[in-house]
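Novice: If it helps, the file is called protein_24.txt and holds compact mmCIF, C-alpha atoms:
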```
# COMPACT_ATOMS: atom_id res chain seq x y z
CA MET T 14 0.00 0.00 0.00
CA LEU T 15 1.29 3.46 -0.87
CA ALA T 16 2.09 5.72 2.06
CA GLU T 17 -0.11 8.76 2.53
CA PRO T 18 1.57 12.00 1.43
CA VAL T 19 2.92 14.22 4.15
CA ILE T 20 0.88 17.43 4.24
CA VAL T 21 2.77 20.70 4.72
CA ASP T 22 0.24 23.41 5.47
CA ALA T 23 1.68 26.83 4.57
CA ARG T 24 -1.63 28.56 3.87
CA GLY T 25 -1.46 32.24 4.75
CA LEU T 26 2.32 32.32 4.58
CA LEU T 27 4.19 34.34 2.01
CA CYS T 28 7.20 33.16 0.06
CA PRO T 29 9.79 32.11 0.90
CA MET T 30 8.20 30.64 4.05
CA PRO T 31 6.28 27.90 2.16
CA VAL T 32 9.56 26.90 0.49
CA ILE T 33 11.28 26.77 3.87
CA ARG T 34 8.46 24.62 5.29
CA VAL T 35 8.82 22.17 2.40
CA GLN T 36 12.59 22.15 2.76
CA ASP T 37 12.38 21.42 6.47
CA ALA T 38 9.81 18.66 5.95
CA ILE T 39 11.78 16.94 3.20
CA ALA T 40 14.97 17.04 5.29
CA GLY T 41 13.50 14.31 7.49
CA MET T 42 11.90 12.19 4.77
CA SER T 43 12.90 9.07 2.88
CA PRO T 44 13.69 8.97 -0.85
CA GLY T 45 10.57 8.47 -2.95
CA ALA T 46 8.22 9.85 -0.29
CA GLU T 47 5.51 12.27 -1.26
CA VAL T 48 4.83 15.74 0.11
CA HIS T 49 1.78 17.86 -0.56
CA LEU T 50 2.26 21.56 0.08
CA LEU T 51 -0.89 23.58 0.73
CA ALA T 52 -0.35 27.28 0.12
CA THR T 53 -2.19 30.47 -0.74
CA ASP T 54 0.71 32.59 -2.01
CA PRO T 55 0.80 32.29 -5.81
CA GLY T 56 4.58 32.72 -5.57
CA VAL T 57 4.86 29.02 -4.70
CA GLN T 58 4.08 28.16 -8.32
CA ALA T 59 7.49 29.49 -9.29
CA ASP T 60 9.53 29.15 -6.11
CA VAL T 61 8.73 25.58 -5.08
CA PRO T 62 9.48 24.06 -8.49
CA ALA T 63 12.71 26.09 -8.63
CA TRP T 64 13.74 24.84 -5.19
CA CYS T 65 12.84 21.27 -6.20
CA ARG T 66 14.89 21.52 -9.38
CA VAL T 67 18.06 22.59 -7.57
CA HIS T 68 17.64 19.77 -5.06
CA GLY T 69 16.58 17.10 -7.52
CA HIS T 70 13.03 16.59 -6.21
CA ARG T 71 10.11 16.31 -8.62
CA VAL T 72 6.97 18.41 -8.73
CA GLU T 73 4.30 16.01 -9.96
CA ALA T 74 1.33 18.38 -9.99
CA VAL T 75 0.17 21.84 -9.00
CA LEU T 76 -3.57 21.81 -8.32
CA GLU T 77 -5.89 24.72 -7.62
CA GLU T 78 -8.42 23.90 -4.89
CA GLY T 79 -10.44 27.05 -4.37
CA ASP T 80 -8.09 29.63 -2.90
CA THR T 81 -5.55 26.97 -2.05
CA LEU T 82 -2.74 25.66 -4.20
CA ARG T 83 -1.69 22.04 -3.68
CA VAL T 84 1.85 21.32 -4.86
CA CYS T 85 2.58 17.59 -5.05
CA ILE T 86 6.28 16.77 -4.65
CA ARG T 87 8.15 13.47 -4.90
CA VAL T 88 11.35 13.34 -2.84
CA ARG T 89 14.41 12.43 -4.91
CA ASP T 90 15.58 8.81 -4.90
CA MET Q 14 42.86 17.35 5.01
CA SER Q 15 42.40 14.28 2.83
CA GLN Q 16 42.17 14.50 -0.94
CA ARG Q 17 38.42 14.95 -0.94
CA GLN Q 18 37.01 17.81 -2.97
CA PRO Q 19 36.99 21.05 -0.94
CA ARG Q 20 33.52 22.22 0.03
CA ALA Q 21 32.43 25.83 0.25
CA VAL Q 22 29.18 27.38 1.38
CA ALA Q 23 28.27 30.57 -0.47
CA LEU Q 24 26.03 33.35 0.80
CA ILE Q 25 23.63 33.88 -2.10
CA SER Q 26 21.56 37.06 -2.01
CA GLY Q 27 20.20 36.78 -5.52
CA GLY Q 28 22.29 39.71 -6.73
CA LEU Q 29 25.23 39.69 -9.09
CA ASP Q 30 28.18 39.88 -6.70
CA SER Q 31 27.44 36.75 -4.71
CA MET Q 32 26.66 34.94 -7.95
CA LEU Q 33 30.04 35.87 -9.42
CA ALA Q 34 31.88 34.96 -6.22
CA ALA Q 35 30.28 31.50 -6.15
CA ARG Q 36 30.91 30.97 -9.84
CA ALA Q 37 34.59 31.94 -9.49
CA ILE Q 38 35.05 29.28 -6.81
CA LEU Q 39 33.02 26.66 -8.67
CA ASP Q 40 35.35 27.19 -11.61
CA GLN Q 41 38.25 26.19 -9.37
CA GLY Q 42 36.76 22.73 -8.85
CA VAL Q 43 35.33 23.38 -5.40
CA HIS Q 44 31.97 21.88 -4.40
CA VAL Q 45 29.70 24.85 -3.61
CA GLU Q 46 26.28 25.02 -2.01
CA GLY Q 47 24.36 28.22 -1.34
CA LEU Q 48 22.70 29.69 1.73
CA ASN Q 49 20.04 32.37 1.64
CA PHE Q 50 18.68 33.95 4.80
CA TYR Q 51 15.09 35.06 5.22
CA THR Q 52 14.90 37.92 7.71
CA GLY Q 53 11.39 39.23 7.03
CA PHE Q 54 12.83 42.44 5.62
CA CYS Q 55 13.68 40.96 2.24
CA VAL Q 56 12.15 42.78 -0.70
CA GLU Q 57 12.09 39.54 -2.67
CA GLY Q 58 9.01 37.56 -3.35
CA HIS Q 59 5.97 38.44 -1.37
CA THR Q 60 5.86 42.17 -1.99
CA HIS Q 61 6.02 41.53 -5.70
CA ALA Q 62 3.36 38.86 -5.36
CA VAL Q 63 1.02 41.09 -3.38
CA ARG Q 64 1.00 44.37 -5.23
CA ASP Q 65 -0.93 44.49 -8.48
CA LYS Q 66 1.48 46.88 -10.13
CA ASP Q 67 4.19 44.26 -9.83
CA ARG Q 68 2.17 41.44 -11.32
CA ALA Q 69 3.78 41.81 -14.73
CA ARG Q 70 7.20 41.15 -13.19
CA PRO Q 71 8.53 37.62 -13.37
CA LYS Q 72 7.61 35.76 -10.21
CA ARG Q 73 10.95 34.39 -9.27
CA ASN Q 74 13.06 34.17 -6.18
CA ASN Q 75 16.36 35.53 -7.39
CA ALA Q 76 18.46 33.48 -4.98
CA LEU Q 77 16.86 30.30 -6.32
CA TRP Q 78 17.29 31.55 -9.84
CA VAL Q 79 21.01 32.15 -9.21
CA ALA Q 80 21.35 28.65 -7.75
CA GLU Q 81 19.78 27.19 -10.86
CA GLN Q 82 22.08 29.15 -13.12
CA LEU Q 83 25.10 27.96 -11.15
CA GLY Q 84 23.84 24.40 -10.81
CA ILE Q 85 24.19 24.41 -7.02
CA LYS Q 86 21.88 23.53 -4.16
CA LEU Q 87 20.37 26.43 -2.23
CA HIS Q 88 19.28 26.20 1.38
CA ILE Q 89 16.92 28.94 2.55
CA ILE Q 90 17.17 29.59 6.26
CA ASP Q 91 14.42 31.17 8.35
CA THR Q 92 16.19 33.65 10.64
CA VAL Q 93 13.21 35.86 11.42
CA GLU Q 94 13.32 35.37 15.21
CA GLU Q 95 17.08 35.52 15.66
CA TYR Q 96 17.37 38.50 13.35
CA LYS Q 97 15.29 40.66 15.66
CA ASP Q 98 18.28 41.19 17.92
CA VAL Q 99 20.31 42.41 14.94
CA VAL Q 100 17.68 45.03 14.07
CA ILE Q 101 16.82 46.06 17.60
CA ASN Q 102 20.27 46.08 19.18
CA PRO Q 103 22.91 46.51 16.49
CA ARG Q 104 26.31 46.58 18.14
CA HIS Q 105 27.73 48.67 15.34
CA GLY Q 106 24.72 50.94 14.95
CA TYR Q 107 22.64 51.74 11.91
CA GLY Q 108 23.57 53.01 8.48
CA GLN Q 109 21.80 55.90 6.82
CA PHE Q 110 18.38 54.51 7.75
CA MET Q 111 17.44 51.56 9.97
CA ASN Q 112 19.89 49.28 8.20
CA PRO Q 113 22.29 47.53 10.59
CA CYS Q 114 24.47 46.39 7.67
CA LEU Q 115 27.66 45.51 9.54
CA ASP Q 116 25.84 43.54 12.24
CA CYS Q 117 23.72 41.93 9.55
CA LYS Q 118 26.72 40.71 7.60
CA GLY Q 119 28.36 39.43 10.77
CA PHE Q 120 25.14 37.64 11.70
CA MET Q 121 24.79 35.98 8.31
CA VAL Q 122 28.40 34.89 8.12
CA GLY Q 123 28.03 33.57 11.67
CA LYS Q 124 25.00 31.52 10.63
CA ALA Q 125 26.94 30.28 7.62
CA ARG Q 126 29.79 29.25 9.92
CA GLN Q 127 27.38 27.20 12.03
CA TRP Q 128 25.98 25.59 8.90
CA MET Q 129 29.51 24.92 7.61
CA ASP Q 130 30.45 23.19 10.85
CA ALA Q 131 27.26 21.16 10.99
CA ASN Q 132 27.54 20.00 7.38
CA ASP Q 133 31.26 19.33 7.15
CA PHE Q 134 32.09 22.14 4.75
CA ASP Q 135 35.50 23.82 4.67
CA PHE Q 136 35.00 27.52 4.06
CA ILE Q 137 32.56 30.33 3.39
CA ILE Q 138 32.28 32.59 0.33
CA THR Q 139 30.70 36.02 0.15
CA GLY Q 140 30.36 38.49 -2.71
CA GLU Q 141 31.78 41.41 -0.71
CA VAL Q 142 33.89 44.02 -2.50
CA ILE Q 143 36.00 46.49 -0.54
CA GLY Q 144 34.48 49.95 -0.69
CA GLN Q 145 31.27 48.85 -2.33
CA ARG Q 146 29.12 49.57 0.70
CA PRO Q 147 29.69 52.58 2.92
CA LYS Q 148 29.53 50.73 6.22
CA SER Q 149 29.78 46.98 5.91
CA GLN Q 150 32.21 46.58 3.06
CA LEU Q 151 35.21 48.63 4.10
CA LYS Q 152 38.71 47.24 4.38
CA ARG Q 153 38.70 47.89 8.12
CA THR Q 154 35.33 46.18 8.65
CA MET Q 155 36.22 43.01 6.75
CA PRO Q 156 38.22 41.57 9.67
CA VAL Q 157 35.44 42.59 12.08
CA ILE Q 158 32.96 40.40 10.22
CA ALA Q 159 35.45 37.52 10.03
CA GLN Q 160 36.16 37.70 13.77
CA GLU Q 161 32.69 38.37 15.14
CA SER Q 162 31.15 35.63 13.01
CA GLY Q 163 33.77 33.16 14.18
CA ALA Q 164 34.59 32.34 10.56
CA ASN Q 165 38.05 33.91 10.84
CA ASP Q 166 40.32 32.75 8.04
CA ARG Q 167 37.72 30.38 6.65
CA LEU Q 168 35.91 33.39 5.18
CA LEU Q 169 36.94 34.01 1.57
CA ARG Q 170 35.85 37.02 -0.48
CA PRO Q 171 36.79 35.97 -4.00
CA LEU Q 172 36.03 39.35 -5.58
CA CYS Q 173 38.53 41.28 -3.44
CA ALA Q 174 40.67 38.47 -1.97
CA ARG Q 175 43.91 39.70 -3.48
CA LEU Q 176 43.61 42.94 -1.53
CA LEU Q 177 43.31 41.02 1.75
CA GLU Q 178 45.52 38.65 3.71
CA PRO Q 179 45.50 35.10 2.32
CA THR Q 180 42.81 32.98 3.92
CA LEU Q 181 42.94 29.31 4.85
CA PRO Q 182 41.52 28.06 1.52
CA GLU Q 183 44.21 30.02 -0.30
CA ARG Q 184 47.05 28.90 1.99
CA GLU Q 185 45.94 25.28 1.80
CA GLY Q 186 45.76 25.44 -1.98
CA TRP Q 187 42.05 24.61 -2.08
CA VAL Q 188 41.74 27.67 -4.31
CA ASP Q 189 44.34 29.48 -6.40
CA ARG Q 190 44.70 33.05 -5.11
CA GLU Q 191 45.97 34.17 -8.51
CA ARG Q 192 42.59 33.32 -10.03
CA LEU Q 193 40.75 35.49 -7.50
CA PHE Q 194 40.13 39.23 -7.88
CA ASP Q 195 41.34 42.55 -6.48
CA TRP Q 196 38.29 44.72 -6.90
CA SER Q 197 37.52 47.73 -4.78
CA GLY Q 198 35.26 50.76 -4.98
CA ARG Q 199 31.72 51.36 -6.10
CA SER Q 200 32.23 50.83 -9.82
CA ARG Q 201 30.17 48.00 -11.25
CA LYS Q 202 32.27 47.70 -14.38
CA PRO Q 203 34.41 44.71 -13.32
CA GLN Q 204 31.27 42.83 -12.27
CA MET Q 205 29.57 43.52 -15.59
CA GLU Q 206 32.64 42.40 -17.52
CA LEU Q 207 33.03 39.18 -15.54
CA ALA Q 208 29.31 38.47 -15.92
CA GLU Q 209 29.70 38.83 -19.65
CA ARG Q 210 32.72 36.53 -19.62
CA PHE Q 211 30.68 33.94 -17.73
CA GLY Q 212 27.83 34.37 -20.21
CA LEU Q 213 25.47 35.74 -17.56
CA ASP Q 214 23.13 38.41 -18.85
CA ASP Q 215 19.85 38.08 -16.96
CA TYR Q 216 20.90 38.73 -13.39
CA ALA Q 217 18.97 40.71 -10.79
CA GLN Q 218 19.75 44.33 -10.05
CA PRO Q 219 23.40 44.55 -9.13
CA ALA Q 220 24.64 44.72 -5.56
CA GLY Q 221 21.64 44.08 -3.42
CA GLY Q 222 19.00 46.70 -2.81
CA CYS Q 223 17.16 43.71 -1.40
CA CYS Q 224 16.40 44.91 2.15
CA PHE Q 225 13.56 47.16 3.28
CA LEU Q 226 15.71 48.51 6.09
CA THR Q 227 17.64 50.59 3.55
CA ASP Q 228 14.38 52.23 2.47
CA PRO Q 229 13.79 55.65 4.11
CA SER Q 230 9.99 55.38 4.12
CA TYR Q 231 10.02 51.88 5.57
CA SER Q 232 12.54 52.94 8.20
CA ARG Q 233 10.32 55.82 9.31
CA LYS Q 234 7.39 53.44 9.65
CA LEU Q 235 9.43 51.07 11.78
CA GLN Q 236 10.56 53.93 14.03
CA ASP Q 237 6.95 55.12 14.31
CA LEU Q 238 5.87 51.61 15.33
CA TRP Q 239 8.43 51.48 18.10
CA LYS Q 240 7.63 55.00 19.29
CA ALA Q 241 3.91 54.25 19.47
CA ARG Q 242 4.53 51.04 21.40
CA GLY Q 243 7.03 52.65 23.73
CA GLU Q 244 9.44 49.81 23.13
CA ARG Q 245 11.63 48.44 20.38
CA ARG Q 246 10.09 45.13 19.44
CA TYR Q 247 8.27 43.63 16.45
CA GLU Q 248 6.63 40.48 15.19
CA LEU Q 249 6.74 39.19 11.64
CA ASP Q 250 3.20 40.41 11.00
CA ASP Q 251 4.22 43.93 12.03
CA ILE Q 252 7.03 44.14 9.53
CA MET Q 253 4.90 42.57 6.80
CA LEU Q 254 2.24 45.22 7.31
CA LEU Q 255 4.81 48.02 7.21
CA LYS Q 256 5.25 47.07 3.56
CA MET Q 257 1.56 47.41 2.79
CA GLY Q 258 -0.74 50.38 2.26
CA ARG Q 259 -0.70 53.98 3.35
CA HIS Q 260 0.09 54.43 7.02
CA LEU Q 261 -1.56 57.35 8.79
CA ARG Q 262 -1.27 58.16 12.45
CA PRO Q 263 -3.97 60.72 13.30
CA ARG Q 264 -3.52 60.19 17.04
CA PRO Q 265 -0.57 58.89 19.05
CA HIS Q 266 -2.59 55.88 20.23
CA PHE Q 267 -3.73 54.55 16.88
CA LYS Q 268 -2.66 54.17 13.29
CA LEU Q 269 -4.59 53.34 10.13
CA ILE Q 270 -3.21 51.13 7.38
CA VAL Q 271 -5.21 51.87 4.24
CA SER Q 272 -4.80 49.55 1.28
CA ARG Q 273 -3.82 51.19 -1.98
CA GLU Q 274 -5.00 48.63 -4.48
CA ASP Q 275 -6.62 45.23 -4.91
CA GLY Q 276 -3.51 43.18 -4.23
CA GLU Q 277 -2.97 44.86 -0.87
CA ASN Q 278 -6.67 44.66 -0.13
CA ARG Q 279 -6.59 40.87 -0.60
CA PHE Q 280 -3.47 40.52 1.50
CA MET Q 281 -4.80 42.69 4.31
CA HIS Q 282 -8.07 40.74 4.41
CA GLY Q 283 -6.10 37.99 6.09
CA TYR Q 284 -5.48 40.30 9.06
CA ARG Q 285 -9.09 41.36 9.68
CA ARG Q 286 -9.55 39.19 12.75
CA GLN Q 287 -6.48 40.63 14.43
CA PHE Q 288 -7.45 44.28 13.98
CA THR Q 289 -10.35 46.64 14.19
CA HIS Q 290 -11.05 47.25 10.52
CA LEU Q 291 -13.08 49.57 8.35
CA VAL Q 292 -14.44 49.32 4.84
CA PRO Q 293 -16.80 51.65 2.94
CA THR Q 294 -20.16 50.09 2.11
CA SER Q 295 -21.95 52.84 0.20
CA HIS Q 296 -19.06 53.32 -2.23
CA GLY Q 297 -16.12 51.32 -3.47
CA GLY Q 298 -13.08 51.79 -1.33
CA PRO Q 299 -10.16 50.35 0.56
CA LEU Q 300 -9.94 48.08 3.52
CA ALA Q 301 -8.26 49.79 6.45
CA LEU Q 302 -6.78 48.15 9.52
CA LEU Q 303 -6.66 50.11 12.75
CA ASP Q 304 -3.62 49.40 14.89
CA GLY Q 305 -3.98 50.66 18.46
CA ASP Q 306 -6.82 51.55 20.79
CA ALA Q 307 -9.61 53.69 19.46
CA GLY Q 308 -12.59 55.20 21.26
CA ALA Q 309 -15.84 56.33 19.65
CA GLU Q 310 -14.41 59.67 18.46
CA ASP Q 311 -11.34 57.95 17.09
CA LEU Q 312 -13.48 55.48 15.12
CA GLU Q 313 -15.48 58.35 13.65
CA LEU Q 314 -12.27 60.05 12.61
CA ALA Q 315 -10.92 56.79 11.16
CA ALA Q 316 -14.14 56.29 9.19
CA ARG Q 317 -13.92 59.81 7.78
CA LEU Q 318 -10.35 59.11 6.70
CA VAL Q 319 -11.28 55.83 5.05
CA ALA Q 320 -14.14 57.62 3.27
CA ARG Q 321 -11.61 60.13 2.02
CA PHE Q 322 -9.77 57.32 0.19
CA SER Q 323 -12.98 55.78 -1.17
CA GLN Q 324 -14.84 56.47 -4.39
CA GLY Q 325 -17.20 58.54 -2.28
CA ARG Q 326 -14.51 61.10 -1.42
CA ASP Q 327 -16.58 63.86 -3.08
CA ALA Q 328 -19.93 62.69 -1.72
CA GLU Q 329 -21.60 64.40 1.20
CA ARG Q 330 -21.90 61.22 3.23
CA VAL Q 331 -20.28 57.80 3.04
CA ARG Q 332 -21.28 54.75 5.03
CA VAL Q 333 -18.37 52.83 6.49
CA ALA Q 334 -18.59 49.45 8.18
CA VAL Q 335 -16.53 49.36 11.35
CA THR Q 336 -15.72 46.04 12.96
CA GLU Q 337 -13.97 46.27 16.26
CA LYS Q 338 -11.58 43.46 17.07
CA GLY Q 339 -13.64 40.39 17.88
CA GLY Q 340 -16.92 42.26 17.40
CA GLU Q 341 -19.72 42.52 14.90
CA PRO Q 342 -19.71 45.11 12.09
CA ARG Q 343 -21.75 48.29 12.50
CA GLU Q 344 -22.13 51.15 10.09
CA LEU Q 345 -21.10 54.74 10.58
CA ASP Q 346 -22.48 57.45 8.34
CA VAL Q 347 -19.72 60.05 7.95
CA ALA Q 348 -18.63 63.05 5.92
CA PRO Q 349 -15.39 62.21 4.06
CA MET Q 350 -12.42 64.28 5.13
CA ALA Q 351 -11.26 66.74 2.52
CA ALA Q 352 -7.75 66.16 1.27
CA ASP Q 353 -6.66 69.50 2.73
CA ASP Q 354 -7.95 68.49 6.13
CA VAL Q 355 -5.55 65.56 6.37
CA PRO Q 356 -2.36 67.00 7.88
CA GLN Q 357 0.78 65.88 6.12
CA GLU Q 358 2.30 64.85 9.45
CA TRP Q 359 -0.36 62.15 9.79
CA TYR Q 360 1.29 60.28 6.94
CA VAL Q 361 3.94 57.95 8.29
CA GLY Q 362 6.77 57.04 5.97
```
For the file at hand, write its structure as structure tokens.
Specialist:
Amino acid sequence: MLAEPVIVDARGLLCPMPVIRVQDAIAGMSPGAEVHLLATDPGVQADVPAWCRVHGHRVEAVLEEGDTLRVCIRVRD
Amino acid sequence: MSQRQPRAVALISGGLDSMLAARAILDQGVHVEGLNFYTGFCVEGHTHAVRDKDRARPKRNNALWVAEQLGIKLHIIDTVEEYKDVVINPRHGYGQFMNPCLDCKGFMVGKARQWMDANDFDFIITGEVIGQRPKSQLKRTMPVIAQESGANDRLLRPLCARLLEPTLPEREGWVDRERLFDWSGRSRKPQMELAERFGLDDYAQPAGGCCFLTDPSYSRKLQDLWKARGERRYELDDIMLLKMGRHLRPRPHFKLIVSREDGENRFMHGYRRQFTHLVPTSHGGPLALLDGDAGAEDLELAARLVARFSQGRDAERVRVAVTEKGGEPRELDVAPMAADDVPQEWYVG
């Protein structure tokens, strides 16, 4: 069974805080794990993928859920 | 040291100088990773995201963009809490405004030293150039930063290294001093030329300009905040709101933050529960947050001011919904203040 994604709730925070929250969460996670970032700052659409690219993680989807953005990230193997 | 590849941690602001410094060391075969510190006063990111007039600008974090261009990892460090002491009690005082540049640099290099030690790196790189900044980048202040941060001779400034004593990475042969630079002064020409040589042409505005504490208007608002509170302290929300809206202080015991456009309006909506707030209902107009304690007369005055910034500024009466902190909204019917009736000294910043 696939593990549930870890939810990082950064709603109401402005960049770069959502990036920092993701960074701190991933620091303690295993390769291949999944993180879902919830955020309201549209800046995450650029900043989180950029941060993932420099660290080798993969953004699998960015979903709009009302006022919330859900960024789905796969931790690098 | 064994034959392993030397490892350097670079302070990356997102500007050109730190980018060039990191690139110069990368080109010498050193493994480089970047650090970027979030203090709450950074101009980057959120301000551009909030204000409508900035929406056409590319939404990018320049430090991350630099890291991508260099092909290095970037670690963004939240220093908001620790940084308060730098702003409130700078050992070396402030610059022209509320900018504690020398203490700030010492703080950041100190944090980089801790990170270096914790992650088994060998030295620290900054993009400092002697004489580039009036307070923090002078030849006499360079050793102060090295000493107070605890980095000592593990702090390498590639862009002006040949004007300084050789550091540990140079003495150990981890980097070739002859391939470092001897720049000084405020000219940007050497930076531009090296950027061209490296094929870099889309960098952020040169040499910083990335901190609100160097902004005179912002600095006045911060001083006003401290004066009104009777003490020098702040929370992250305080310094966020200093970046938003018009700030007017009609009375010593309260201040109004009046949004200037839709982006600020949306952002300030998130703060409604924490503040008494006002919004015109009979006409289009801005959301205003009231910071402080306001009695009935003060609320009437605040409503008249908000009406003055609404589309009903020329109407005889404007209805303004006033919601006191934790209370229910009620409407006040007020005459908008005339522009001439708003004393200039009420404007903060």
Novice: Compute the set of chain T residues within 8 Å of chain Q, using all atoms listed in the file, and express it as a PDB file with C-alpha atoms, keeping the file's coordinate frame.
Specialist:
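After the write, iface-v4.pdb holds the following:
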```pdb
ATOM      1  CA  GLY T  25      -1.460  32.240   4.750  1.00  0.00           C
ATOM      2  CA  LEU T  27       4.190  34.340   2.010  1.00  0.00           C
ATOM      3  CA  CYS T  28       7.200  33.160   0.060  1.00  0.00           C
ATOM      4  CA  PRO T  29       9.790  32.110   0.900  1.00  0.00           C
ATOM      5  CA  MET T  30       8.200  30.640   4.050  1.00  0.00           C
ATOM      6  CA  VAL T  32       9.560  26.900   0.490  1.00  0.00           C
ATOM      7  CA  ILE T  33      11.280  26.770   3.870  1.00  0.00           C
ATOM      8  CA  GLN T  36      12.590  22.150   2.760  1.00  0.00           C
ATOM      9  CA  ASP T  54       0.710  32.590  -2.010  1.00  0.00           C
ATOM     10  CA  PRO T  55       0.800  32.290  -5.810  1.00  0.00           C
ATOM     11  CA  GLY T  56       4.580  32.720  -5.570  1.00  0.00           C
ATOM     12  CA  ALA T  59       7.490  29.490  -9.290  1.00  0.00           C
ATOM     13  CA  ASP T  60       9.530  29.150  -6.110  1.00  0.00           C
ATOM     14  CA  ALA T  63      12.710  26.090  -8.630  1.00  0.00           C
ATOM     15  CA  TRP T  64      13.740  24.840  -5.190  1.00  0.00           C
ATOM     16  CA  ARG T  66      14.890  21.520  -9.380  1.00  0.00           C
ATOM     17  CA  VAL T  67      18.060  22.590  -7.570  1.00  0.00           C
ATOM     18  CA  HIS T  68      17.640  19.770  -5.060  1.00  0.00           C
TER      19      HIS T  68
END
```
Novice: So what do you get for atom CA of Pro349 of chain Q versus atom CA of Gly308 of chain Q, distance-wise?
Specialist: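 Going from atom CA of Pro349 of chain Q over to atom CA of Gly308 of chain Q, I get 18.8 Å.
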Novice: What lies within 10 Å of Leu15 of chain T using only C-alpha atoms, ignoring chain neighbours under 3 positions off, as a tab-separated table (two decimals) with C-alpha atoms, in the coordinates of the input?
Specialist:
```tsv
chain	number	residue	atom	x	y	z
T	18	PRO	CA	1.57	12.00	1.43
T	46	ALA	CA	8.22	9.85	-0.29
T	47	GLU	CA	5.51	12.27	-1.26
```
Novice: I need every residue sitting at most 10 Å from the point (31.9, 44.6, 15.9) (coordinates as in the file, only C-alpha atoms considered), written as a list in words.
Specialist: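 The residues that fall inside the cut-off are Pro103, Arg104, His105, Gly106, Leu115, Asp116, Gly119, Thr154, Pro156, Val157, Ile158, Ala159, Gln160, Glu161 and Ser162 of chain Q.
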Novice: Applying 9 Å and all atoms listed in the file, which residues near Val21 of chain T remain after dropping the ones on its own chain fewer than 4 positions away? List them as a short mmCIF file (atom, residue, chain, number, x, y, z; two decimals) with C-alpha atoms, in the frame of the given file.
Specialist:
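Output below, filename selection.cif:
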```cif
data_model
loop_
_atom_site.label_atom_id
_atom_site.label_comp_id
_atom_site.auth_asym_id
_atom_site.auth_seq_id
_atom_site.Cartn_x
_atom_site.Cartn_y
_atom_site.Cartn_z
CA PRO T 31 6.28 27.90 2.16
CA ARG T 34 8.46 24.62 5.29
CA VAL T 35 8.82 22.17 2.40
CA ALA T 38 9.81 18.66 5.95
CA VAL T 48 4.83 15.74 0.11
CA HIS T 49 1.78 17.86 -0.56
CA LEU T 50 2.26 21.56 0.08
CA LEU T 51 -0.89 23.58 0.73
CA ALA T 52 -0.35 27.28 0.12
#
```
Novice: What separation in Å, quoted to one decimal, exists between atom CA of Arg126 of chain Q and atom CA of Trp196 of chain Q?
Specialist: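 These two atoms are separated by 24.4 Å.
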Novice: Could segment 67-78 of chain T be completed with N, CA and C atoms and returned as an mmCIF file, in the coordinates of the input?
Specialist:
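Here's the written file rebuild26.cif:
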```
data_model
loop_
_atom_site.group_PDB
_atom_site.id
_atom_site.type_symbol
_atom_site.label_atom_id
_atom_site.label_comp_id
_atom_site.auth_asym_id
_atom_site.auth_seq_id
_atom_site.Cartn_x
_atom_site.Cartn_y
_atom_site.Cartn_z
ATOM 1 N N VAL T 67 16.662 22.527 -8.012
ATOM 2 C CA VAL T 67 18.060 22.590 -7.570
ATOM 3 C C VAL T 67 18.400 21.473 -6.594
ATOM 4 N N HIS T 68 17.372 20.858 -5.998
ATOM 5 C CA HIS T 68 17.640 19.770 -5.060
ATOM 6 C C HIS T 68 17.325 18.392 -5.648
ATOM 7 N N GLY T 69 16.832 18.374 -6.863
ATOM 8 C CA GLY T 69 16.580 17.100 -7.520
ATOM 9 C C GLY T 69 15.251 16.443 -7.173
ATOM 10 N N HIS T 70 14.359 17.137 -6.497
ATOM 11 C CA HIS T 70 13.030 16.590 -6.210
ATOM 12 C C HIS T 70 12.118 16.858 -7.424
ATOM 13 N N ARG T 71 10.974 16.185 -7.442
ATOM 14 C CA ARG T 71 10.110 16.310 -8.620
ATOM 15 C C ARG T 71 8.743 16.856 -8.232
ATOM 16 N N VAL T 72 8.335 17.910 -8.911
ATOM 17 C CA VAL T 72 6.970 18.410 -8.730
ATOM 18 C C VAL T 72 6.072 17.624 -9.680
ATOM 19 N N GLU T 73 5.143 16.880 -9.116
ATOM 20 C CA GLU T 73 4.300 16.010 -9.960
ATOM 21 C C GLU T 73 3.013 16.697 -10.375
ATOM 22 N N ALA T 74 2.561 17.658 -9.613
ATOM 23 C CA ALA T 74 1.330 18.380 -9.990
ATOM 24 C C ALA T 74 1.212 19.648 -9.159
ATOM 25 N N VAL T 75 0.581 20.637 -9.748
ATOM 26 C CA VAL T 75 0.170 21.840 -9.000
ATOM 27 C C VAL T 75 -1.330 21.975 -9.240
ATOM 28 N N LEU T 76 -2.111 21.829 -8.188
ATOM 29 C CA LEU T 76 -3.570 21.810 -8.320
ATOM 30 C C LEU T 76 -4.167 23.025 -7.623
ATOM 31 N N GLU T 77 -5.163 23.618 -8.259
ATOM 32 C CA GLU T 77 -5.890 24.720 -7.620
ATOM 33 C C GLU T 77 -7.126 24.151 -6.949
ATOM 34 N N GLU T 78 -7.258 24.393 -5.652
ATOM 35 C CA GLU T 78 -8.420 23.900 -4.890
ATOM 36 C C GLU T 78 -9.047 25.102 -4.199
#
```
